[in-house]
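Source file: start_14.cif (mmCIF, C-alpha atoms)
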```cif
data_work
loop_
_atom_site.label_atom_id
_atom_site.label_comp_id
_atom_site.auth_asym_id
_atom_site.auth_seq_id
_atom_site.Cartn_x
_atom_site.Cartn_y
_atom_site.Cartn_z
CA MET A 1 7.69 -9.95 26.48
CA SER A 2 6.93 -7.93 23.33
CA LYS A 3 3.85 -5.69 23.37
CA LEU A 4 3.58 -5.98 19.60
CA ARG A 5 0.54 -7.76 18.24
CA LEU A 6 1.43 -7.43 14.58
CA THR A 7 4.26 -6.46 12.26
CA PHE A 8 3.86 -6.05 8.53
CA TYR A 9 5.93 -5.51 5.41
CA GLY A 10 4.19 -3.52 2.69
CA ASP A 11 5.08 -4.14 -0.95
CA ASP A 12 4.77 -0.42 -1.71
CA PHE A 13 4.39 2.85 0.18
CA THR A 14 0.76 3.72 -0.49
CA GLY A 15 -0.38 0.25 0.49
CA SER A 16 1.65 0.46 3.68
CA THR A 17 -0.08 3.66 4.79
CA ASP A 18 -3.41 1.95 4.05
CA ALA A 19 -2.50 -0.80 6.55
CA LEU A 20 -1.35 1.84 9.04
CA GLU A 21 -4.73 3.57 8.75
CA GLN A 22 -6.68 0.39 9.39
CA LEU A 23 -4.70 -0.36 12.54
CA ALA A 24 -5.05 3.17 13.91
CA SER A 25 -8.77 3.29 13.13
CA HIS A 26 -9.23 0.22 15.32
CA GLY A 27 -7.33 1.77 18.21
CA ILE A 28 -4.03 -0.05 17.55
CA HIS A 29 -1.01 2.21 18.18
CA ALA A 30 1.18 1.68 15.11
CA MET A 31 4.18 3.21 13.33
CA LEU A 32 5.40 2.78 9.77
CA PHE A 33 9.14 2.66 9.02
CA ILE A 34 11.23 2.64 5.85
CA GLU A 35 13.50 -0.12 7.19
CA PRO A 36 12.79 -2.84 9.79
CA PRO A 37 13.36 -1.05 13.13
CA THR A 38 15.78 -2.39 15.70
CA PRO A 39 14.59 -2.99 19.28
CA ALA A 40 16.69 0.05 20.26
CA LYS A 41 14.84 2.28 17.80
CA LEU A 42 11.47 1.02 19.02
CA LYS A 43 12.32 2.21 22.52
CA LYS A 44 11.87 5.76 21.21
CA PHE A 45 8.23 4.91 20.49
CA PRO A 46 6.88 3.27 23.67
CA ASN A 47 3.60 1.37 23.81
CA LEU A 48 3.56 0.46 20.12
CA GLN A 49 1.23 -2.44 19.34
CA ALA A 50 2.06 -2.75 15.64
CA VAL A 51 5.01 -1.93 13.41
CA GLY A 52 5.08 -1.72 9.62
CA VAL A 53 7.81 -1.46 7.00
CA ALA A 54 7.07 0.38 3.76
CA GLY A 55 8.91 -1.62 1.14
CA MET A 56 9.03 -1.57 -2.66
CA THR A 57 9.01 -5.25 -3.61
CA ARG A 58 5.93 -4.82 -5.78
CA ALA A 59 8.20 -3.47 -8.53
CA MET A 60 11.03 -6.04 -8.08
CA THR A 61 12.02 -9.26 -9.80
CA PRO A 62 11.67 -12.47 -7.73
CA LYS A 63 15.44 -12.65 -7.18
CA ALA A 64 15.59 -9.06 -5.94
CA MET A 65 12.51 -9.63 -3.79
CA GLU A 66 14.08 -12.61 -2.06
CA LYS A 67 17.28 -10.67 -1.38
CA GLU A 68 15.25 -7.86 0.17
CA LEU A 69 12.66 -9.91 2.02
CA ARG A 70 14.59 -12.75 3.63
CA PRO A 71 16.54 -10.51 6.07
CA ALA A 72 13.59 -8.13 6.51
CA LEU A 73 11.18 -10.90 7.51
CA LYS A 74 13.73 -12.37 9.92
CA LYS A 75 14.10 -8.97 11.59
CA LEU A 76 10.33 -8.59 11.87
CA LYS A 77 10.03 -12.07 13.34
CA ALA A 78 12.66 -11.19 15.96
CA LEU A 79 10.46 -8.35 17.26
CA GLY A 80 8.19 -10.97 18.85
CA ALA A 81 4.76 -10.13 17.42
CA ARG A 82 2.12 -12.86 17.13
CA HIS A 83 1.30 -11.93 13.53
CA VAL A 84 3.61 -11.04 10.62
CA HIS A 85 1.84 -9.81 7.50
CA TYR A 86 3.11 -9.31 3.95
CA LYS A 87 0.83 -6.54 2.73
CA VAL A 88 -0.05 -6.57 -0.98
CA CYS A 89 -2.26 -4.33 -3.10
CA SER A 90 -5.95 -5.12 -2.77
CA THR A 91 -6.03 -5.72 -6.52
CA PHE A 92 -3.35 -8.44 -6.17
CA ASP A 93 -1.49 -7.16 -9.24
CA SER A 94 1.64 -9.29 -9.51
CA SER A 95 3.27 -11.73 -11.90
CA PRO A 96 5.85 -14.54 -12.00
CA THR A 97 8.48 -11.98 -13.10
CA ILE A 98 7.55 -8.79 -11.19
CA GLY A 99 6.20 -8.49 -7.64
CA SER A 100 5.77 -12.28 -7.34
CA ILE A 101 3.56 -12.98 -4.32
CA GLY A 102 4.28 -16.66 -4.83
CA ARG A 103 8.00 -16.09 -4.31
CA VAL A 104 7.19 -14.23 -1.07
CA ILE A 105 5.24 -17.25 0.20
CA ASP A 106 8.05 -19.63 -0.80
CA VAL A 107 10.57 -17.56 1.16
CA ALA A 108 8.33 -16.89 4.17
CA THR A 109 7.37 -20.52 4.75
CA GLU A 110 11.04 -21.26 5.35
CA ILE A 111 11.13 -18.61 8.09
CA PHE A 112 7.69 -19.09 9.67
CA PRO A 113 6.81 -22.75 10.41
CA ALA A 114 3.06 -22.22 10.85
CA PRO A 115 0.26 -24.66 9.86
CA PHE A 116 -0.68 -22.54 6.82
CA VAL A 117 -0.38 -19.10 5.25
CA PRO A 118 -3.70 -17.19 5.34
CA LEU A 119 -4.40 -15.26 2.13
CA LEU A 120 -6.99 -12.48 2.52
CA VAL A 121 -7.24 -9.97 -0.32
CA ALA A 122 -10.79 -8.70 0.20
CA ALA A 123 -11.10 -5.20 1.63
CA PRO A 124 -14.80 -4.26 1.49
CA ALA A 125 -14.20 -0.69 2.71
CA LEU A 126 -12.01 -0.17 -0.37
CA GLY A 127 -14.44 -1.83 -2.78
CA ARG A 128 -12.54 -5.15 -2.97
CA PHE A 129 -14.45 -8.44 -2.69
CA THR A 130 -13.57 -12.13 -3.04
CA ILE A 131 -16.31 -14.67 -3.81
CA PHE A 132 -15.57 -18.37 -4.43
CA GLY A 133 -11.94 -17.45 -5.00
CA ASN A 134 -12.68 -14.83 -7.66
CA HIS A 135 -11.72 -11.23 -6.92
CA PHE A 136 -13.70 -8.10 -7.76
CA ALA A 137 -12.75 -4.43 -7.51
CA ARG A 138 -14.57 -1.14 -7.73
CA PHE A 139 -13.30 1.25 -10.38
CA GLY A 140 -12.09 4.00 -8.06
CA ILE A 141 -11.93 3.61 -4.27
CA GLY A 142 -14.28 5.82 -2.31
CA SER A 143 -16.44 6.51 -5.35
CA ASN A 144 -19.69 5.11 -6.71
CA GLY A 145 -17.88 3.35 -9.51
CA THR A 146 -18.95 0.01 -10.94
CA ILE A 147 -17.55 -3.19 -9.46
CA HIS A 148 -15.70 -5.31 -12.02
CA ARG A 149 -14.27 -8.82 -12.04
CA LEU A 150 -10.52 -8.30 -11.83
CA ASP A 151 -9.71 -9.53 -15.33
CA ARG A 152 -12.30 -7.12 -16.75
CA HIS A 153 -11.40 -4.10 -14.62
CA PRO A 154 -10.84 -0.99 -16.82
CA SER A 155 -7.56 -0.15 -15.08
CA ILE A 156 -6.17 -3.20 -13.29
CA SER A 157 -6.56 -5.52 -16.28
CA ARG A 158 -4.45 -3.00 -18.24
CA HIS A 159 -1.80 -2.24 -15.63
CA PRO A 160 1.38 -1.20 -17.53
CA ILE A 161 3.65 -3.60 -15.60
CA THR A 162 1.48 -6.32 -14.02
CA PRO A 163 -1.86 -6.50 -15.87
CA MET A 164 -4.35 -8.85 -14.22
CA GLY A 165 -5.71 -11.33 -16.74
CA GLU A 166 -7.10 -13.80 -14.19
CA ALA A 167 -9.76 -13.14 -11.53
CA ASP A 168 -9.44 -16.48 -9.72
CA LEU A 169 -6.70 -15.70 -7.18
CA ARG A 170 -5.83 -19.38 -6.81
CA LEU A 171 -5.08 -19.71 -10.53
CA HIS A 172 -3.20 -16.43 -10.60
CA LEU A 173 -1.06 -17.39 -7.59
CA ALA A 174 -0.46 -20.91 -8.96
CA LYS A 175 1.59 -19.32 -11.76
CA GLN A 176 3.96 -17.96 -9.09
CA THR A 177 4.32 -20.88 -6.65
CA LYS A 178 3.87 -24.65 -6.71
CA LYS A 179 2.49 -24.73 -3.16
CA LYS A 180 -0.97 -26.16 -2.53
CA ILE A 181 -3.74 -23.53 -2.25
CA ALA A 182 -7.08 -24.20 -0.53
CA LEU A 183 -10.21 -22.04 -0.33
CA PHE A 184 -12.25 -21.06 2.73
CA ASP A 185 -15.23 -19.95 0.68
CA ILE A 186 -18.02 -17.50 1.38
CA LEU A 187 -20.38 -20.27 2.56
CA LYS A 188 -17.90 -21.35 5.24
CA VAL A 189 -17.26 -17.75 6.28
CA ALA A 190 -21.01 -17.34 6.84
CA LEU A 191 -21.23 -20.34 9.20
CA PRO A 192 -21.75 -19.86 12.96
CA GLU A 193 -18.44 -19.34 14.77
CA LYS A 194 -18.03 -22.88 16.08
CA GLU A 195 -18.89 -24.45 12.73
CA ALA A 196 -16.62 -22.05 10.86
CA ARG A 197 -13.74 -22.98 13.16
CA ALA A 198 -14.39 -26.68 12.53
CA ALA A 199 -14.52 -26.08 8.76
CA LEU A 200 -11.14 -24.33 8.86
CA GLU A 201 -9.64 -27.11 10.99
CA LYS A 202 -10.81 -29.65 8.39
CA ILE A 203 -9.17 -27.68 5.59
CA VAL A 204 -5.92 -27.25 7.55
CA ALA A 205 -5.85 -30.98 8.31
CA ASP A 206 -5.44 -31.57 4.56
CA LYS A 207 -2.17 -29.59 4.87
CA PRO A 208 -2.48 -26.89 2.22
CA ALA A 209 0.37 -24.36 2.28
CA VAL A 210 -2.02 -21.47 1.62
CA VAL A 211 -5.66 -20.90 2.53
CA LEU A 212 -7.51 -18.19 0.59
CA PHE A 213 -10.43 -16.55 2.43
CA ASP A 214 -13.51 -15.13 0.71
CA ALA A 215 -15.13 -11.99 2.17
CA ILE A 216 -17.64 -9.35 1.06
CA ASP A 217 -18.36 -7.33 4.23
CA GLU A 218 -16.71 -6.12 7.42
CA ALA A 219 -18.63 -8.52 9.69
CA GLN A 220 -17.06 -11.40 7.80
CA LEU A 221 -13.62 -9.85 8.21
CA SER A 222 -14.11 -9.75 11.98
CA ARG A 223 -15.01 -13.48 11.92
CA ILE A 224 -11.91 -14.25 9.86
CA GLY A 225 -9.75 -12.19 12.24
CA GLY A 226 -10.91 -14.33 15.14
CA LEU A 227 -10.17 -17.55 13.24
CA LEU A 228 -6.65 -16.41 12.33
CA ASP A 229 -5.81 -15.19 15.81
CA GLU A 230 -6.30 -18.70 17.19
CA TYR A 231 -3.37 -19.93 15.09
CA ALA A 232 -0.94 -17.20 16.20
CA SER A 233 1.47 -17.00 19.13
CA ALA A 234 4.69 -15.15 20.00
CA LYS A 235 6.59 -18.45 19.85
CA GLN A 236 5.08 -19.40 16.50
CA PRO A 237 3.93 -16.23 14.72
CA LEU A 238 1.38 -16.62 11.96
CA PHE A 239 2.64 -15.29 8.63
CA SER A 240 -0.16 -14.01 6.38
CA VAL A 241 -0.42 -12.46 2.92
CA GLY A 242 -3.09 -10.04 1.82
CA SER A 243 -4.44 -6.54 1.52
CA SER A 244 -5.20 -4.24 4.45
CA GLY A 245 -8.10 -6.67 4.92
CA ILE A 246 -5.71 -8.48 7.29
CA GLU A 247 -5.46 -5.36 9.47
CA MET A 248 -9.21 -4.80 9.16
CA ALA A 249 -9.91 -8.39 10.21
CA LEU A 250 -7.53 -8.53 13.15
CA GLY A 251 -8.31 -4.95 14.20
CA ALA A 252 -12.04 -5.67 14.25
CA HIS A 253 -11.40 -8.82 16.27
CA TRP A 254 -9.16 -7.01 18.77
CA ALA A 255 -11.21 -3.85 19.20
CA LYS A 256 -14.93 -3.38 18.62
CA THR A 257 -14.87 0.43 18.50
CA ARG A 258 -13.10 2.75 16.09
CA LEU A 259 -11.19 5.88 17.02
CA ALA A 260 -13.25 9.06 16.86
CA GLY A 261 -12.32 12.73 16.72
CA MET A 262 -9.36 12.34 14.33
CA LEU A 263 -9.76 15.22 11.88
CA ALA A 264 -7.51 16.81 9.26
CA SER A 265 -7.57 20.60 9.24
CA PRO A 266 -7.42 22.60 6.00
CA VAL A 267 -4.17 24.07 4.65
CA LYS A 268 -3.49 27.01 2.36
CA GLN A 269 -1.37 25.11 -0.17
CA LEU A 270 -0.87 21.53 -1.26
CA LEU A 271 2.15 20.16 -3.11
CA VAL A 272 1.43 17.00 -5.12
CA GLY A 273 3.86 14.63 -6.80
CA SER A 274 2.20 12.11 -9.12
CA GLY A 275 3.82 9.14 -10.84
CA SER A 276 0.48 7.39 -11.27
CA CYS A 277 -0.64 6.06 -14.65
CA SER A 278 -4.16 5.30 -13.42
CA PRO A 279 -7.15 6.79 -15.28
CA VAL A 280 -8.59 7.58 -11.82
CA THR A 281 -5.60 9.82 -11.03
CA GLU A 282 -5.76 11.25 -14.54
CA LYS A 283 -9.30 12.51 -13.89
CA GLN A 284 -8.31 13.82 -10.46
CA ILE A 285 -5.45 15.85 -11.92
CA ALA A 286 -7.75 17.25 -14.64
CA TRP A 287 -10.33 18.27 -12.00
CA ALA A 288 -7.67 19.93 -9.84
CA LEU A 289 -6.25 21.91 -12.76
CA GLN A 290 -9.74 23.19 -13.59
CA ASN A 291 -10.14 24.28 -9.97
CA GLY A 292 -7.08 26.39 -9.28
CA PHE A 293 -4.14 23.97 -9.04
CA ALA A 294 -1.02 24.70 -11.08
CA GLU A 295 0.61 22.05 -13.29
CA VAL A 296 4.29 21.10 -13.62
CA SER A 297 5.32 18.32 -15.98
CA LEU A 298 8.40 16.26 -15.08
CA ASP A 299 9.75 15.15 -18.45
CA ALA A 300 9.56 11.36 -18.31
CA GLY A 301 10.99 11.09 -21.82
CA THR A 302 14.23 12.82 -20.80
CA LEU A 303 14.44 10.70 -17.65
CA ALA A 304 13.93 7.54 -19.73
CA ALA A 305 16.66 8.56 -22.19
CA GLY A 306 19.03 8.96 -19.24
CA LYS A 307 21.21 11.50 -21.05
CA ASN A 308 20.68 14.52 -18.83
CA PRO A 309 18.07 13.77 -16.14
CA ALA A 310 19.35 16.56 -13.89
CA THR A 311 18.07 19.11 -16.39
CA ALA A 312 14.52 17.75 -16.25
CA ILE A 313 14.62 17.59 -12.45
CA THR A 314 15.94 21.15 -12.12
CA ARG A 315 13.42 22.53 -14.61
CA ALA A 316 10.49 20.92 -12.78
CA THR A 317 11.79 22.01 -9.38
CA GLU A 318 12.14 25.65 -10.42
CA ALA A 319 8.68 25.69 -12.01
CA ALA A 320 7.12 24.26 -8.84
CA ILE A 321 8.90 26.82 -6.65
CA ASN A 322 7.65 29.67 -8.83
CA PHE A 323 4.02 28.53 -8.51
CA LEU A 324 4.34 27.95 -4.76
CA ALA A 325 5.77 31.46 -4.35
CA LEU A 326 2.56 32.78 -5.91
CA GLY A 327 0.49 30.95 -3.30
CA ARG A 328 -0.72 28.25 -5.70
CA SER A 329 -1.21 24.57 -4.96
CA VAL A 330 0.93 22.57 -7.37
CA ILE A 331 0.75 19.15 -9.06
CA ILE A 332 4.05 17.79 -10.42
CA HIS A 333 3.40 14.76 -12.62
CA THR A 334 5.24 12.34 -14.90
CA THR A 335 2.13 11.71 -17.02
CA ARG A 336 -1.45 12.92 -17.45
CA SER A 337 -2.50 10.41 -20.10
CA GLY A 338 -1.59 7.00 -18.70
CA ALA A 339 1.44 4.84 -19.41
CA ASP A 340 3.56 5.70 -22.44
CA LYS A 341 4.59 2.44 -24.15
CA HIS A 342 7.74 3.98 -25.66
CA ILE A 343 8.94 5.29 -22.30
CA ALA A 344 8.01 2.03 -20.58
CA ALA A 345 10.04 0.10 -23.18
CA LYS A 346 13.12 2.26 -22.54
CA LEU A 347 12.83 1.98 -18.76
CA LYS A 348 11.90 -1.75 -18.83
CA ASN A 349 11.42 -2.87 -15.20
CA ASN A 350 13.02 0.27 -13.76
CA SER A 351 10.24 2.76 -14.50
CA ALA A 352 9.01 2.96 -10.90
CA LYS A 353 12.54 3.43 -9.56
CA ILE A 354 13.69 6.04 -12.07
CA LEU A 355 10.49 8.08 -12.20
CA GLY A 356 9.75 7.76 -8.48
CA ALA A 357 13.25 8.78 -7.38
CA ALA A 358 13.25 11.77 -9.76
CA LEU A 359 9.82 12.85 -8.53
CA GLY A 360 11.07 12.63 -4.94
CA GLU A 361 14.09 14.79 -5.81
CA VAL A 362 11.85 17.46 -7.31
CA LEU A 363 9.59 17.47 -4.25
CA ARG A 364 12.56 17.61 -1.88
CA GLY A 365 14.15 20.45 -3.84
CA ALA A 366 10.93 22.47 -3.76
CA LEU A 367 10.41 21.87 -0.03
CA ALA A 368 13.98 22.96 0.71
CA ARG A 369 13.18 26.46 -0.57
CA MET A 370 9.45 26.85 0.10
CA LYS A 371 7.55 26.23 3.33
CA VAL A 372 4.64 23.91 2.59
CA ARG A 373 2.72 22.15 5.35
CA ARG A 374 1.08 19.31 3.40
CA LEU A 375 2.33 17.01 0.66
CA CYS A 376 0.61 14.29 -1.40
CA VAL A 377 2.45 11.57 -3.35
CA ALA A 378 0.30 9.66 -5.87
CA GLY A 379 1.23 6.36 -7.49
CA GLY A 380 1.59 2.98 -5.83
CA ASP A 381 4.65 1.80 -7.76
CA THR A 382 6.58 5.10 -7.68
CA SER A 383 5.73 6.23 -4.14
CA SER A 384 8.25 3.97 -2.38
CA PHE A 385 11.13 5.49 -4.33
CA ALA A 386 9.79 9.03 -3.95
CA ALA A 387 9.54 8.56 -0.17
CA ARG A 388 13.15 7.45 0.04
CA ALA A 389 14.32 10.38 -2.05
CA LEU A 390 12.43 12.63 0.37
CA GLY A 391 14.34 11.08 3.27
CA VAL A 392 11.27 9.65 5.01
CA GLU A 393 12.20 7.08 7.69
CA ALA A 394 8.87 6.59 9.46
CA LEU A 395 5.21 7.64 9.38
CA GLU A 396 2.57 8.05 12.06
CA MET A 397 -1.09 8.46 11.19
CA ILE A 398 -2.72 11.82 11.99
CA ALA A 399 -6.23 11.40 10.61
CA PRO A 400 -8.27 9.55 7.97
CA LEU A 401 -9.05 11.38 4.71
CA THR A 402 -10.11 8.83 2.10
CA PRO A 403 -10.16 5.05 2.70
CA GLY A 404 -6.72 3.66 1.95
CA ALA A 405 -4.82 6.97 2.08
CA PRO A 406 -4.61 8.54 5.57
CA LEU A 407 -2.94 11.80 6.50
CA CYS A 408 0.37 11.01 8.23
CA ARG A 409 3.21 12.77 10.03
CA ALA A 410 6.62 12.17 8.44
CA HIS A 411 9.72 11.44 10.45
CA ALA A 412 12.52 12.44 8.06
CA PRO A 413 15.65 13.56 9.95
CA ASN A 414 17.86 16.05 8.06
CA SER A 415 15.23 16.47 5.35
CA PRO A 416 12.87 19.39 4.60
CA ALA A 417 10.07 16.79 4.74
CA ASP A 418 10.62 16.18 8.47
CA GLN A 419 7.40 16.61 10.50
CA MET A 420 5.42 17.38 7.34
CA GLU A 421 1.88 16.15 6.81
CA ILE A 422 2.00 13.60 3.99
CA VAL A 423 -0.54 11.48 2.15
CA PHE A 424 0.54 8.56 -0.03
CA LYS A 425 -2.21 7.74 -2.53
CA GLY A 426 -2.55 4.65 -4.72
CA GLY A 427 -3.68 5.07 -8.31
CA GLN A 428 -7.22 3.80 -7.69
CA VAL A 429 -7.84 5.86 -4.54
CA GLY A 430 -10.28 8.74 -4.25
CA ALA A 431 -13.09 10.61 -5.94
CA GLU A 432 -12.62 13.09 -8.78
CA ASN A 433 -12.08 16.02 -6.36
CA TYR A 434 -9.56 14.02 -4.33
CA PHE A 435 -6.81 16.66 -4.24
CA GLU A 436 -9.27 19.25 -2.97
CA THR A 437 -10.15 16.82 -0.16
CA VAL A 438 -6.48 16.58 0.79
CA LEU A 439 -6.15 20.37 0.64
CA LYS A 440 -9.25 21.13 2.72
CA GLY A 441 -9.15 18.11 5.02
CA LYS A 442 -12.17 16.94 7.02
#
```

Produce C-alpha cells that represent the structure in this file.
Amino acid sequence: MSKLRLTFYGDDFTGSTDALEQLASHGIHAMLFIEPPTPAKLKKFPNLQAVGVAGMTRAMTPKAMEKELRPALKKLKALGARHVHYKVCSTFDSSPTIGSIGRVIDVATEIFPAPFVPLLVAAPALGRFTIFGNHFARFGIGSNGTIHRLDRHPSISRHPITPMGEADLRLHLAKQTKKKIALFDILKVALPEKEARAALEKIVADKPAVVLFDAIDEAQLSRIGGLLDEYASAKQPLFSVGSSGIEMALGAHWAKTRLAGMLASPVKQLLVGSGSCSPVTEKQIAWALQNGFAEVSLDAGTLAAGKNPATAITRATEAAINFLALGRSVIIHTTRSGADKHIAAKLKNNSAKILGAALGEVLRGALARMKVRRLCVAGGDTSSFAARALGVEALEMIAPLTPGAPLCRAHAPNSPADQMEIVFKGGQVGAENYFETVLKGK
C-alpha cells in the first residue's frame, strides 16, 4: 500500500515550491520533481508522504496543456495517493487561451471519477482571501501592502499575459469550462463541524462538477481540509484544484504542529536570475542595487528578435562571472521596468519559454565557472523553463524564508546546480529587501 497522502502537479515552478513549503511546514515529508517520478525512482526517497511535479502549464495553450497533463495526471494517480492536486497560482491568473484551469478540470474529471472537484484558491498566509466567491489579494506577499479585489489589483489586473478582469472566480472559470460550479461560502465554512459537513453533502447532492470554497483564515482552512479528506481514498483519489491553500488545509488537518528549528544560514554571495515583470520584483531589484548587488541585463530585445540569441546569452554570462569573481552578489534580469509590449508582441505566447530558457542558460554558464552556494530565480512564468535549463530534476525543502518561496536543495545530476541551495520566487513574493533576506537567511 502506498504511503503517499498527496501528489500534486504545479502549473509553474515557483508555485510548486510554495506547495512543497506548506507540506514540509506541517511535518509532511515531500519531494518536488520536474517529471512525474516512477515507483522505482521513489524507492530512492523512502518514507515520502507527498510528491509534487513542477510543471509549466500556466504558460501553455489548452491543447498543449491537455497533451502535457493527461499522461502526467495518470502517472500521479498510479502512485496511489488519496489526494491529487493541480496547484495554481493563488491569484488564479488564467484565461480560455493560456493556462486554462477550466481545461484542466475537463481533462481531470475523465481520469478521476470523484463526486466533485474542490476548488480552494484562498491562502491567508500569502494574503489571498475568497469571500462569497470573490477573490482578494494583497499587493506583495509578506508585506503590509493593501488588499485589493482581484480585478482592481495593481499588478494582477495588468498581468502581461493573463490579466485578471473578473474577481468572482465562478464567473472567471465559467469562461474556461461549461461544468457546473457551486459555492461553499464563508457562512457555511463558519458552521460547526457537523453542520458544515451536512451543508457540503447537500451541495454535492445537487451534483455540481466543481465546488468553490471561501476562506479568510487558517482555522477555516483546517476545517476545509477535514471536509475534503472525508471524500478521498486510495481507490478513488480526490482531485482538487487550487493554490497552496490545499496543502495548508490538508496539512493543518493531518498535523496540528508545525516544524520548528528549520533555519537558513547566511551566505557570502547570491546569484539571482529574474524574468519577473512584477512591480514588486522591480522594487526589490532597485533596493538590491542600491545596497551592494551588481546588475547584469540579459537583452530581451535580442532574444525576441531571434537573430543571434547566443550573443546576448554569452555577454550576460561573462558579465555575471566578472562580478562574481569580485565577490559581488549579482542580479541578472530580462527587465527592470515591467513588461515591454513590443517584445511581448514579437514573442507572442512564447515569452516565458524563450526568456526563461535563456535566463537558465546564463545562470548555468556562470555556475559552471564560479562556485556559488545559493541561487534565486524570480518570475512565476519563466522559472519553470529556467529550472529545466539548469538541469534541475527534483527539489527538497531546507528551510522557510518568505511565505511562498522556501529555500530548497536542488537535485540536478550532471549540472553545476546539483546540491545547490535554490529559491524560486513568484513575482508578488517578498518585501522590498527580499534579496537581502535570501542572502542573509534567517

Counting all atoms listed in the file, the option among A:Ala264, A:Ile398, A:Ala54, A:Ala81 closest to Gln419 (chain A): A:Ile398

The PyMOL selection byres ((chain A and resi 189) around 9) applied to the shown file, residues as number ranges by chain: A: 184-188, 190-193, 196, 213-215, 220-221, 223-224

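Going from CA of Pro266 (chain A) over to CA of Lys442 (chain A), you cover 7.5 Å.
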
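Residues with any atom within 7 Å of the point (-0.5, 9.1, -13.4), counting all atoms listed in the file, are Ser274, Gly275, Ser276, Cys277, Ser278, Thr281, Glu282, His333, Thr334, Thr335, Arg336, Gly338 and Gly379 of chain A.
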
Distance in Å - CA of Arg128 (chain A) versus CA of Ala198 (chain A): 26.6 Å

I need the output of the PyMOL selection byres ((chain A and resi 119) around 6) for this file as a compact mmCIF listing (two decimals) with C-alpha atoms, keeping the file's coordinate frame; which residues are they?
```
# COMPACT_ATOMS: atom_id res chain seq x y z
CA PRO A 118 -3.70 -17.19 5.34
CA LEU A 120 -6.99 -12.48 2.52
CA VAL A 211 -5.66 -20.90 2.53
CA LEU A 212 -7.51 -18.19 0.59
CA VAL A 241 -0.42 -12.46 2.92
CA GLY A 242 -3.09 -10.04 1.82
```

The PyMOL selection byres ((chain A and resi 101) around 12) applied to the shown file, residues as an MDAnalysis selection string: chainID A and resid 10:11 57:62 65:66 69 86:89 92:100 102:108 119 121 162 169:170 172:179 210 240:243

Writer output for current selection, C-alpha atoms, as a PDB file, keeping the file's coordinate frame:
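Listing of out-v1.pdb after writing:
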```
ATOM      1  CA  GLY A  10       4.190  -3.520   2.690  1.00  0.00           C
ATOM      2  CA  ASP A  11       5.080  -4.140  -0.950  1.00  0.00           C
ATOM      3  CA  THR A  57       9.010  -5.250  -3.610  1.00  0.00           C
ATOM      4  CA  ARG A  58       5.930  -4.820  -5.780  1.00  0.00           C
ATOM      5  CA  ALA A  59       8.200  -3.470  -8.530  1.00  0.00           C
ATOM      6  CA  MET A  60      11.030  -6.040  -8.080  1.00  0.00           C
ATOM      7  CA  THR A  61      12.020  -9.260  -9.800  1.00  0.00           C
ATOM      8  CA  PRO A  62      11.670 -12.470  -7.730  1.00  0.00           C
ATOM      9  CA  MET A  65      12.510  -9.630  -3.790  1.00  0.00           C
ATOM     10  CA  GLU A  66      14.080 -12.610  -2.060  1.00  0.00           C
ATOM     11  CA  LEU A  69      12.660  -9.910   2.020  1.00  0.00           C
ATOM     12  CA  TYR A  86       3.110  -9.310   3.950  1.00  0.00           C
ATOM     13  CA  LYS A  87       0.830  -6.540   2.730  1.00  0.00           C
ATOM     14  CA  VAL A  88      -0.050  -6.570  -0.980  1.00  0.00           C
ATOM     15  CA  CYS A  89      -2.260  -4.330  -3.100  1.00  0.00           C
ATOM     16  CA  PHE A  92      -3.350  -8.440  -6.170  1.00  0.00           C
ATOM     17  CA  ASP A  93      -1.490  -7.160  -9.240  1.00  0.00           C
ATOM     18  CA  SER A  94       1.640  -9.290  -9.510  1.00  0.00           C
ATOM     19  CA  SER A  95       3.270 -11.730 -11.900  1.00  0.00           C
ATOM     20  CA  PRO A  96       5.850 -14.540 -12.000  1.00  0.00           C
ATOM     21  CA  THR A  97       8.480 -11.980 -13.100  1.00  0.00           C
ATOM     22  CA  ILE A  98       7.550  -8.790 -11.190  1.00  0.00           C
ATOM     23  CA  GLY A  99       6.200  -8.490  -7.640  1.00  0.00           C
ATOM     24  CA  SER A 100       5.770 -12.280  -7.340  1.00  0.00           C
ATOM     25  CA  GLY A 102       4.280 -16.660  -4.830  1.00  0.00           C
ATOM     26  CA  ARG A 103       8.000 -16.090  -4.310  1.00  0.00           C
ATOM     27  CA  VAL A 104       7.190 -14.230  -1.070  1.00  0.00           C
ATOM     28  CA  ILE A 105       5.240 -17.250   0.200  1.00  0.00           C
ATOM     29  CA  ASP A 106       8.050 -19.630  -0.800  1.00  0.00           C
ATOM     30  CA  VAL A 107      10.570 -17.560   1.160  1.00  0.00           C
ATOM     31  CA  ALA A 108       8.330 -16.890   4.170  1.00  0.00           C
ATOM     32  CA  LEU A 119      -4.400 -15.260   2.130  1.00  0.00           C
ATOM     33  CA  VAL A 121      -7.240  -9.970  -0.320  1.00  0.00           C
ATOM     34  CA  THR A 162       1.480  -6.320 -14.020  1.00  0.00           C
ATOM     35  CA  LEU A 169      -6.700 -15.700  -7.180  1.00  0.00           C
ATOM     36  CA  ARG A 170      -5.830 -19.380  -6.810  1.00  0.00           C
ATOM     37  CA  HIS A 172      -3.200 -16.430 -10.600  1.00  0.00           C
ATOM     38  CA  LEU A 173      -1.060 -17.390  -7.590  1.00  0.00           C
ATOM     39  CA  ALA A 174      -0.460 -20.910  -8.960  1.00  0.00           C
ATOM     40  CA  LYS A 175       1.590 -19.320 -11.760  1.00  0.00           C
ATOM     41  CA  GLN A 176       3.960 -17.960  -9.090  1.00  0.00           C
ATOM     42  CA  THR A 177       4.320 -20.880  -6.650  1.00  0.00           C
ATOM     43  CA  LYS A 178       3.870 -24.650  -6.710  1.00  0.00           C
ATOM     44  CA  LYS A 179       2.490 -24.730  -3.160  1.00  0.00           C
ATOM     45  CA  VAL A 210      -2.020 -21.470   1.620  1.00  0.00           C
ATOM     46  CA  SER A 240      -0.160 -14.010   6.380  1.00  0.00           C
ATOM     47  CA  VAL A 241      -0.420 -12.460   2.920  1.00  0.00           C
ATOM     48  CA  GLY A 242      -3.090 -10.040   1.820  1.00  0.00           C
ATOM     49  CA  SER A 243      -4.440  -6.540   1.520  1.00  0.00           C
TER      50      SER A 243
END
```

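Distance check against Lys180 (chain A) using only C-alpha atoms: of A:Ala310, A:Val423, A:Leu228, A:Val117, the minimum falls on A:Val117.
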
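Between CA of Thr7 (chain A) and CA of Gly360 (chain A) the separation is 26.6 Å.
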